[in-house]
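For reference, the structure is listed below as structure tokens.
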Amino acid sequence: MSGWIAVAGLGPGAETLVTPEVSVALAEATDIVGYIPYVARVAARPGLRLHASDNRVEVERARHALELAAAGARVVIVSSGDPGVFAMASALFEALEAAPEHQQLDIRVLPGITAMLAAAARAGAPLGHDFCAINLSDNLKPWALIEARLRAAAQADFAMAFYNPRSRSRPEGFARVLELLREACGGERLITFARAVSTPEEQLVTVTLAEATPEMADMRTVVLVGNSATRRVGRWVYTPRSA
């Protein structure tokens, strides 16, 4: 049987948010490839080989998946959320671009529910009008570019969703983000911290930028910043559809 690769999004955490399409691919797979905590979300079964690897080796992981599929394996590369949002789909195609001998493989990208959209749904509809998503990690891009994109998004009055806001290795970066946002947007802009949405550890809090502190975010948190029209209605936060 010829091999194939499915790049699958496992959603934000809850098993009920894994799509049926992804569940079928996982059931048919011979090999699961991915970052350690994401591979751990896949139930072991006879005949299924699990290939877990550490963070920051995405391209090497993708190359391994290509080699497995070329040898006849049915490979699912797992990501959290959606595989095309700061995840493994792009890494796979980066590896494929450098490996023309594998470009005829059967490759599918299976969408998933992103942490950003799951967080927005929990809060109400803070992304109800134009919005952008920005990865605040400077592992793959310089900090100056992150600041430039933040300023441009604030000037354009986008609602914003931030991934990877604050890690132990770079705790000072998110403090600078909050400072920049207060300068550009004012202290009354609403900001939502959504941690571990759809898991038992879920926490959701909405405050103003003036009230926000860096310690409210970690690497399991998605941060949502409203635009100038975003407001509360009861316990919900929403951004009107018109501008």
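Naming works like this for the structure tokens: A, B, ... for the chains as they're shown, residue 1 at the start of each chain, ligands 1 onward in shown order.
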* **range 65-182 of chain A: residues DSSP assigns to strand (DSSP E), reported as number ranges by chain** => A: 74-79, 106-110, 124-125, 131-135, 159-163
Produce a table with one row for each residue of range 4-112 of chain A that has an atom at most 10 Å from any atom of range 135-153 of chain A, each row naming the nearest atom pair and its distance in Å at one decimal; use only C-alpha atoms; arrange rows by chain and rising residue number; format as CSV.
```
residue,atom,partner,partner_atom,distance
A:Arg56,CA,A:Asn139,CA,8.7
A:Val85,CA,A:Asn135,CA,9.5
A:Phe86,CA,A:Asn135,CA,7.4
```
* Leaving out Ala52 in chain A and any residue of its chain fewer than 5 positions from it, which residues lie within 12 Å of it when counting only C-alpha atoms, given as a list in words? -> Asp31, Ile32, Val33, Gly34, Tyr35, Ile36, Pro37, Tyr38, Val39, Ala40, Arg41, Val42, Val57, Glu58, Glu60, Arg61, Ala62, His64, Ala65, Val76, Ile77, Val78 and Ser79 of chain A
* Closest of A:Met216, A:Leu190, A:Leu17, A:Ala43 to Pro126 in chain A - atom-to-atom distances counting only C-alpha atoms ->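 Of all the options, A:Leu190 lies closest to Pro126 in chain A.
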* Got a sec to tell me which of range 32-219 of chain A DSSP assigns to helix (DSSP H, G or I), as an NGL selection string? -> :A and (36-39 or 58-70 or 88-97 or 100-102 or 115-123 or 143-155 or 171-185 or 214-216)
